[in-house]
$ cat run-v9.cif   # mmCIF, C-alpha atoms
data_model
loop_
_atom_site.label_atom_id
_atom_site.label_comp_id
_atom_site.auth_asym_id
_atom_site.auth_seq_id
_atom_site.Cartn_x
_atom_site.Cartn_y
_atom_site.Cartn_z
CA MET A 28 -32.29 18.36 21.14
CA VAL A 29 -35.01 19.65 18.81
CA ALA A 30 -35.89 22.43 21.25
CA ALA A 31 -32.21 23.40 21.58
CA ALA A 32 -31.84 23.50 17.79
CA PHE A 33 -34.88 25.71 17.31
CA ALA A 34 -33.72 28.03 20.11
CA ALA A 35 -30.32 28.39 18.45
CA VAL A 36 -31.78 29.15 15.02
CA ASP A 37 -34.37 31.55 16.43
CA ALA A 38 -31.65 33.54 18.23
CA LEU A 39 -29.87 34.19 14.92
CA GLY A 40 -32.65 36.66 14.13
CA ARG A 41 -31.80 38.82 17.15
CA PRO A 42 -28.72 40.98 17.74
CA GLY A 43 -25.96 39.37 19.75
CA ARG A 44 -23.26 41.07 21.79
CA TRP A 45 -21.07 41.96 18.78
CA TRP A 46 -23.07 41.34 15.60
CA THR A 47 -26.43 42.61 14.37
CA ALA A 48 -29.19 40.19 13.38
CA PRO A 49 -28.50 40.61 9.61
CA GLN A 50 -24.81 39.96 10.28
CA ARG A 51 -25.53 36.90 12.43
CA LEU A 52 -27.79 35.49 9.72
CA ALA A 53 -25.14 36.19 7.08
CA ILE A 54 -22.54 34.34 9.18
CA ALA A 55 -24.93 31.41 9.56
CA SER A 56 -25.66 31.36 5.82
CA ILE A 57 -21.96 31.27 4.93
CA ALA A 58 -21.40 28.49 7.45
CA ARG A 59 -24.31 26.57 5.96
CA GLU A 60 -22.95 26.78 2.41
CA ALA A 61 -19.27 26.29 3.22
CA ARG A 62 -17.53 23.28 1.69
CA PRO A 63 -13.86 22.27 1.67
CA ARG A 64 -12.24 24.05 -1.27
CA PRO A 65 -10.08 22.33 -3.90
CA LEU A 66 -6.39 23.18 -4.02
CA TRP A 67 -6.86 25.48 -7.01
CA ASP A 68 -9.53 27.57 -5.29
CA ARG A 69 -8.17 28.27 -1.84
CA LEU A 70 -9.39 31.09 0.39
CA ALA A 71 -7.42 34.30 0.05
CA PRO A 72 -5.11 34.92 3.03
CA LEU A 73 -7.06 36.80 5.69
CA GLN A 74 -4.43 39.53 6.01
CA THR A 75 -5.07 40.54 2.38
CA LEU A 76 -8.79 41.17 2.90
CA ASP A 77 -10.61 44.38 3.81
CA SER A 78 -12.29 44.30 7.23
CA ASP A 79 -13.65 47.84 7.22
CA HIS A 80 -16.25 47.79 4.44
CA GLY A 81 -19.07 45.54 3.24
CA GLU A 82 -22.71 44.90 4.08
CA PRO A 83 -23.73 42.99 6.01
CA LEU A 84 -20.21 41.51 6.32
CA SER A 85 -16.79 42.62 5.14
CA ARG A 86 -14.79 40.31 2.87
CA PHE A 87 -12.55 39.63 5.85
CA VAL A 88 -15.42 38.43 8.05
CA ALA A 89 -16.99 36.41 5.22
CA ALA A 90 -13.69 34.61 4.58
CA LEU A 91 -13.10 34.15 8.30
CA THR A 92 -16.50 32.52 8.66
CA GLU A 93 -15.69 30.07 5.90
CA LEU A 94 -12.30 29.36 7.49
CA VAL A 95 -13.89 28.56 10.85
CA ALA A 96 -16.52 26.40 9.16
CA VAL A 97 -14.29 24.18 7.04
CA GLU A 98 -10.63 24.71 7.93
CA THR A 99 -10.77 25.19 11.68
CA SER A 100 -7.65 23.13 12.26
CA SER A 101 -5.61 25.69 10.28
CA ILE A 102 -6.37 28.46 12.79
CA ASP A 103 -3.31 29.01 14.96
CA ARG A 104 -2.42 31.62 17.56
CA ALA A 105 -0.96 34.02 14.99
CA THR A 106 -4.17 33.83 12.94
CA VAL A 107 -6.28 34.62 16.00
CA GLU A 108 -4.02 37.55 16.88
CA LEU A 109 -4.66 38.93 13.37
CA ILE A 110 -8.41 38.37 13.77
CA ALA A 111 -8.51 39.95 17.22
CA GLY A 112 -6.65 42.98 15.88
CA ARG A 113 -9.22 43.44 13.10
CA ILE A 114 -12.60 42.62 14.73
CA GLY A 115 -11.86 41.86 18.39
CA ASP A 116 -11.62 38.54 20.20
CA ALA A 117 -15.17 38.59 21.54
CA ALA A 118 -16.67 39.19 18.08
CA TYR A 119 -14.54 36.27 16.83
CA ALA A 120 -15.86 34.10 19.66
CA GLU A 121 -19.48 34.96 18.81
CA LEU A 122 -18.86 34.24 15.12
CA SER A 123 -17.26 30.88 16.00
CA ALA A 124 -20.14 29.96 18.31
CA ILE A 125 -22.65 30.68 15.53
CA VAL A 126 -20.66 28.50 13.11
CA ALA A 127 -20.43 25.72 15.69
CA GLN A 128 -24.20 25.80 16.27
CA ILE A 129 -24.97 25.68 12.55
CA ALA A 130 -22.50 22.80 12.07
CA ALA A 131 -24.24 20.76 14.74
CA ILE A 132 -27.74 21.40 13.45
CA ASP A 133 -27.12 21.20 9.71
CA GLN A 134 -24.88 18.14 9.82
CA VAL A 135 -27.62 16.10 11.49
CA CYS A 136 -29.97 17.11 8.69
CA HIS A 137 -27.41 16.35 5.98
CA ALA A 138 -26.50 13.04 7.57
CA LEU A 139 -30.12 11.92 7.68
CA GLY A 140 -31.08 13.40 4.31
CA SER A 141 -33.57 15.78 5.95
CA SER A 142 -34.51 19.37 5.12
CA LEU A 143 -32.53 22.13 6.81
CA LEU A 144 -34.19 24.42 9.37
CA GLU A 145 -35.28 27.76 7.94
CA PHE A 146 -33.52 30.83 9.24
CA PRO A 147 -35.71 33.57 10.78
CA SER A 148 -36.10 37.09 9.45
CA PRO A 149 -33.66 39.57 10.98
CA GLY A 150 -35.00 41.60 13.87
CA PRO A 151 -34.06 45.19 14.77
CA GLY A 152 -31.56 46.37 17.31
CA GLN A 153 -27.87 46.83 17.89
CA PRO A 154 -25.38 44.52 19.59
CA SER A 155 -24.85 45.25 23.27
CA ARG A 156 -21.02 45.18 22.94
CA VAL A 157 -20.78 44.00 26.54
CA ARG A 158 -17.90 41.69 27.33
CA PRO A 159 -18.74 38.88 29.78
CA ASP A 160 -17.18 38.97 33.25
CA ASP A 161 -14.78 36.35 34.60
CA MET A 162 -12.78 35.94 31.39
CA GLY A 163 -9.12 34.99 31.70
CA ASP A 164 -6.20 33.23 30.08
CA ALA A 165 -6.71 29.46 30.11
CA GLY A 166 -3.99 28.62 27.60
CA GLY A 167 -6.13 28.99 24.46
CA HIS A 168 -6.03 31.53 21.65
CA ILE A 169 -8.84 33.58 23.23
CA GLN A 170 -9.93 34.32 26.77
CA MET A 171 -12.54 32.12 28.41
CA THR A 172 -14.19 31.56 31.78
CA GLU A 173 -11.51 31.45 34.46
CA PRO A 174 -11.34 29.80 36.91
CA TYR A 175 -13.33 26.78 35.71
CA SER A 176 -13.57 23.21 36.95
CA GLY A 177 -14.97 21.37 33.89
CA PRO A 178 -13.30 20.25 30.65
CA ASN A 179 -11.79 23.01 28.53
CA VAL A 180 -14.12 22.38 25.61
CA ALA A 181 -17.08 23.24 27.82
CA ARG A 182 -15.72 26.78 28.30
CA SER A 183 -13.94 27.16 24.97
CA LEU A 184 -16.26 29.81 23.50
CA SER A 185 -17.55 31.28 26.76
CA LEU A 186 -16.42 34.69 25.54
CA ALA A 187 -19.45 34.41 23.24
CA ALA A 188 -21.75 34.51 26.29
CA GLU A 189 -25.33 33.64 25.27
CA ASP A 190 -24.26 31.97 22.02
CA HIS A 191 -21.87 29.80 23.99
CA GLY A 192 -24.75 28.86 26.27
CA ARG A 193 -26.95 27.89 23.34
CA TRP A 194 -24.09 25.90 21.78
CA ARG A 195 -23.49 24.04 25.06
CA GLY A 196 -27.18 23.28 25.33
CA LEU A 197 -27.11 21.77 21.86
CA VAL A 198 -23.97 19.73 22.52
CA LEU A 199 -25.19 18.34 25.81
CA SER A 200 -28.52 17.33 24.30
CA MET A 201 -26.79 15.61 21.37
CA TYR A 202 -23.91 13.69 22.95
CA SER A 203 -23.63 12.38 26.48
CA ARG A 204 -26.75 13.93 27.99
CA ASP A 205 -26.15 13.02 31.65
CA GLY A 206 -24.06 9.91 30.98
CA PHE A 207 -20.63 11.24 30.01
CA LEU A 208 -18.84 9.41 32.82
CA ASP A 209 -20.69 6.12 32.19
CA MET A 210 -18.56 3.92 29.94
CA VAL A 211 -21.50 1.58 29.33
CA TRP A 212 -24.67 3.04 27.81
CA THR A 213 -27.68 0.74 27.95
CA ASP A 214 -30.40 3.17 26.86
CA ARG A 215 -29.11 4.00 23.38
CA ALA A 216 -29.50 2.49 19.95
CA LEU A 217 -25.70 2.27 19.67
CA THR A 218 -23.26 1.06 22.31
CA ARG A 219 -20.80 3.56 23.79
CA PRO A 220 -17.86 2.11 21.81
CA GLN A 221 -19.88 2.46 18.58
CA VAL A 222 -20.66 6.10 19.39
CA GLU A 223 -17.04 6.78 20.30
CA LEU A 224 -15.85 5.22 17.04
CA VAL A 225 -17.95 7.69 15.03
CA ALA A 226 -16.70 10.50 17.30
CA ALA A 227 -13.05 9.51 16.95
CA ARG A 228 -13.18 9.07 13.18
CA THR A 229 -14.92 12.43 12.76
CA SER A 230 -12.36 14.20 14.95
CA ALA A 231 -9.47 12.57 13.08
CA LEU A 232 -10.89 13.70 9.73
CA ASN A 233 -11.12 17.21 11.16
CA GLU A 234 -7.51 16.88 12.40
CA CYS A 235 -8.61 17.93 15.86
CA PHE A 236 -5.92 17.02 18.41
CA TYR A 237 -8.12 17.95 21.37
CA MET H 22 -10.24 9.12 23.46
CA LEU H 23 -13.14 7.26 25.06
CA LEU H 24 -13.21 4.56 22.38
CA GLY H 25 -10.62 2.55 24.27
CA ALA H 26 -12.07 3.16 27.74
CA SER H 27 -15.63 2.31 26.74
CA SER H 28 -14.48 -0.87 24.99
CA ASP H 29 -12.48 -1.90 28.04
CA ALA H 30 -15.64 -1.44 30.10
CA VAL H 31 -17.39 -4.19 28.14
CA ASP H 32 -14.29 -6.46 28.13
CA SER H 33 -13.61 -5.78 24.50
CA GLU H 34 -10.54 -4.37 22.79
CA ALA H 35 -10.95 -1.57 20.28
CA HIS H 36 -8.25 -0.81 17.74
CA LEU H 37 -7.58 2.88 18.19
CA ALA H 38 -5.76 3.14 14.86
CA SER H 39 -9.14 2.75 13.17
CA ALA H 40 -9.92 6.36 14.08
CA MET H 41 -6.95 7.46 11.99
CA ASP H 42 -7.05 5.10 9.03
CA GLY H 43 -10.64 3.87 8.92
CA SER H 44 -9.62 0.24 9.47
CA ASP H 45 -11.63 -2.30 11.48
CA ALA H 46 -12.09 -0.96 15.02
CA GLY H 47 -13.14 -4.23 16.55
CA VAL H 48 -16.62 -3.00 17.50
CA PRO H 49 -19.84 -4.30 15.91
CA TYR H 50 -20.54 -2.79 12.46
CA SER H 51 -17.27 -0.90 12.52
CA ALA H 52 -17.06 -0.76 8.72
CA GLU H 53 -20.53 0.71 8.29
CA LEU H 54 -20.08 3.23 11.12
CA THR H 55 -16.72 4.38 9.78
CA ALA H 56 -17.96 4.67 6.20
CA PHE H 57 -20.93 6.71 7.39
CA ALA H 58 -18.75 9.09 9.46
CA GLU H 59 -16.47 9.60 6.45
CA ALA H 60 -19.39 10.21 4.09
CA VAL H 61 -20.98 12.73 6.46
CA TRP H 62 -17.66 14.56 6.62
CA ARG H 63 -17.28 14.61 2.81
CA ARG H 64 -20.96 15.42 2.15
CA ASP H 65 -20.75 13.95 -1.34
CA ASP H 66 -22.43 11.18 -3.33
CA SER H 67 -21.06 8.54 -0.97
CA LEU H 68 -23.50 9.61 1.76
CA PRO H 69 -26.79 8.03 0.57
CA PRO H 70 -25.34 4.50 0.12
CA ALA H 71 -23.39 4.80 3.39
CA ARG H 72 -26.59 5.86 5.14
CA ASP H 73 -28.53 2.93 3.69
CA ALA H 74 -25.80 0.45 4.60
CA LEU H 75 -25.68 1.66 8.20
CA ARG H 76 -29.45 1.67 8.56
CA GLU H 77 -29.48 -1.93 7.33
CA VAL H 78 -27.36 -3.12 10.27
CA VAL H 79 -28.26 -0.76 13.17
CA GLY H 80 -31.80 0.34 12.25
CA ASP H 81 -33.33 3.80 12.14
CA ALA H 82 -32.57 4.63 15.77
CA GLY H 83 -28.94 3.60 15.39
CA LEU H 84 -28.62 5.69 12.24
CA VAL H 85 -29.99 8.73 14.05
CA GLU H 86 -27.55 8.18 16.93
CA ALA H 87 -24.64 7.97 14.49
CA ALA H 88 -25.77 11.09 12.60
CA ILE H 89 -26.09 13.09 15.81
CA THR H 90 -22.67 11.92 16.96
CA ALA H 91 -20.93 12.88 13.72
CA ALA H 92 -22.61 16.29 13.80
CA VAL H 93 -21.91 17.09 17.42
CA PHE H 94 -18.25 16.15 17.11
CA ARG H 95 -17.80 18.33 14.05
CA SER H 96 -19.26 21.11 16.16
CA LEU H 97 -17.04 20.33 19.17
CA ASN H 98 -13.99 20.26 16.90
CA ILE H 99 -14.87 23.78 15.72
CA GLY H 100 -15.18 25.05 19.28
CA ALA H 101 -11.95 23.40 20.38
CA ASP H 102 -9.81 24.50 17.44
CA ALA H 103 -11.26 27.99 16.94
CA SER H 104 -10.50 28.74 20.59
CA GLY H 105 -7.19 26.83 20.67
CA ILE H 106 -7.85 25.10 23.98
CA PRO H 107 -5.17 22.73 25.27
CA LEU H 108 -5.97 19.16 26.22
CA ASP H 109 -7.13 18.95 29.86
CA ASP H 110 -4.57 17.73 32.38
CA GLU H 111 -6.69 14.77 33.44
CA TYR H 112 -6.89 13.50 29.85
CA ALA H 113 -3.29 14.28 28.93
CA SER H 114 -1.96 11.47 31.09
CA ILE H 115 -4.19 9.05 29.19
CA ALA H 116 -3.48 10.52 25.76
CA VAL H 117 0.28 10.36 26.13
CA GLY H 118 -0.02 6.60 25.78
CA PHE H 119 -1.32 6.72 22.23
CA VAL H 120 -0.37 10.12 20.79
CA ASP H 121 2.81 8.74 19.22
CA GLU H 122 1.27 5.41 18.27
CA LEU H 123 -1.46 7.14 16.26
CA GLY H 124 0.72 9.91 14.85
CA LEU H 125 -1.43 12.63 16.41
CA ARG H 126 1.51 15.04 16.63
CA GLU H 127 1.16 15.44 12.86
CA PHE H 128 -2.02 17.47 13.43
CA SER H 129 -1.28 21.19 13.40
CA THR H 130 -3.70 21.56 16.32
CA ALA H 131 -1.28 19.54 18.48
CA ALA H 132 0.52 22.85 18.96
CA ASN H 133 -2.41 23.94 21.15
CA SER H 134 -1.33 21.32 23.73
CA PRO H 135 2.38 22.15 24.05
CA ASP H 136 2.92 19.76 26.96
CA LEU H 137 2.03 16.88 24.64
CA ALA H 138 3.04 18.21 21.23
#

$ encode --input "run-v9.cif" --output "structure tokens"
Amino acid sequence: MVAAAFAAVDALGRPGRWWTAPQRLAIASIAREARPRPLWDRLAPLQTLDSDHGEPLSRFVAALTELVAVETSSIDRATVELIAGRIGDAAYAELSAIVAQIAAIDQVCHALGSSLLEFPSPGPGQPSRVRPDDMGDAGGHIQMTEPYSGPNVARSLSLAAEDHGRWRGLVLSMYSRDGFLDMVWTDRALTRPQVELVAARTSALNECFY
Amino acid sequence: MLLGASSDAVDSEAHLASAMDGSDAGVPYSAELTAFAEAVWRRDDSLPPARDALREVVGDAGLVEAAITAAVFRSLNIGADASGIPLDDEYASIAVGFVDELGLREFSTAANSPDLA
């Protein structure tokens, strides 16, 4: 898990498929600082924000990053259609995969009261802007690997290519490892029902139906 | 979803409603585990005492396991809801048994699984 976390953070300093290294680091920084907002300080509606100007990120992308980080359950199909029209679905997938990686890594640190991992310095280069092959409609808001035989969550951000791979590596190292189908775990500090209770309560708080 | 199945596997009965309302789940140290998950989610002043209380009953290794679980599920929730994936067919037949009981259709993300919503 530690190796997967360091690999994910290190990759933020390199260009991805749709974002430069400074942009990827800016997305990660916003995700790191994001907190649920009080009712009197809500995010401005995305459709009101400029997506064409701003360095390293436009106001639209900065707000979108915060939305993905703390109000993911509010993102519906119409919202994703707006996003895809402004920045493209694959850039949205890469942004979401970065946020998901930072959430996994930082929340462990917060939960344990530990220091956060330092972000790297941004490296040079431009995004490749290459869309992965084998993407199709699987019933979600964005395209993903199709056909696919595993659970939908395992392909959910596959449009993000390498960032999806790093995210999956993190998730697998943190949750079931190779024991997902085993209902009894004997090699852990918590029993499987105890782990699933924490998982279920967390998902309910996030209002995640999946 | 696997709270019930994993409890059945050890001949125990978990109370699935605990996931929704934070009540006693019927698993050992349910109160401490739930309070910790809630404090991690809020990231406020309730976290240090919740962390200490959980460590007291499950030890350092148990605390680490709980922290990793809370973090990875926050991350999985982001992937699932940002992409809008529907619930997998093989899990839908299981979920249909408790979706209404737990009030899960109230979640806006239920719309991503139209066969169940």

$ resolve_selection --input "run-v9.cif" --expression "the PyMOL selection byres ((chain A and resi 229) around 12)" --output "NGL selection string"
(:A and (134 or 222-228 or 230-236)) or (:H and (39-43 or 54-63 or 87-99))

$ resolve_selection --input "run-v9.cif" --expression "the PyMOL selection byres ((chain H and resi 53) around 10)" --output "PDB file with C-alpha atoms, keeping the file's coordinate frame"
ATOM      1  CA  ASP H  45     -11.630  -2.300  11.480  1.00  0.00           C
ATOM      2  CA  PRO H  49     -19.840  -4.300  15.910  1.00  0.00           C
ATOM      3  CA  TYR H  50     -20.540  -2.790  12.460  1.00  0.00           C
ATOM      4  CA  SER H  51     -17.270  -0.900  12.520  1.00  0.00           C
ATOM      5  CA  ALA H  52     -17.060  -0.760   8.720  1.00  0.00           C
ATOM      6  CA  LEU H  54     -20.080   3.230  11.120  1.00  0.00           C
ATOM      7  CA  THR H  55     -16.720   4.380   9.780  1.00  0.00           C
ATOM      8  CA  ALA H  56     -17.960   4.670   6.200  1.00  0.00           C
ATOM      9  CA  PHE H  57     -20.930   6.710   7.390  1.00  0.00           C
ATOM     10  CA  ALA H  58     -18.750   9.090   9.460  1.00  0.00           C
ATOM     11  CA  GLU H  59     -16.470   9.600   6.450  1.00  0.00           C
ATOM     12  CA  ALA H  71     -23.390   4.800   3.390  1.00  0.00           C
ATOM     13  CA  ARG H  72     -26.590   5.860   5.140  1.00  0.00           C
ATOM     14  CA  ASP H  73     -28.530   2.930   3.690  1.00  0.00           C
ATOM     15  CA  ALA H  74     -25.800   0.450   4.600  1.00  0.00           C
ATOM     16  CA  LEU H  75     -25.680   1.660   8.200  1.00  0.00           C
ATOM     17  CA  ARG H  76     -29.450   1.670   8.560  1.00  0.00           C
ATOM     18  CA  GLU H  77     -29.480  -1.930   7.330  1.00  0.00           C
ATOM     19  CA  VAL H  78     -27.360  -3.120  10.270  1.00  0.00           C
ATOM     20  CA  VAL H  79     -28.260  -0.760  13.170  1.00  0.00           C
TER      21      VAL H  79
END

$ atom_distance --input "run-v9.cif" --atom1 "CA of Leu37 (chain H)" --atom2 "CA of Val85 (chain H)"
23.5 Å

$ atom_distance --input "run-v9.cif" --atom1 "CA of Glu98 (chain A)" --atom2 "CA of Ala58 (chain A)"
11.4 Å

$ resolve_selection --input "run-v9.cif" --expression "the PyMOL selection byres ((chain A and resi 190) around 12)" --output "PyMOL selection string"
(chain A and resi 31+34-39+41-46+51+117-129+159+182-189+191-197) or (chain H and resi 100)

$ closest_residue --input "run-v9.cif" --among "A:Ala32, A:Ala138, A:Leu73, A:Ile114" --to "chain H" --atoms "only C-alpha atoms"
A:Ala138
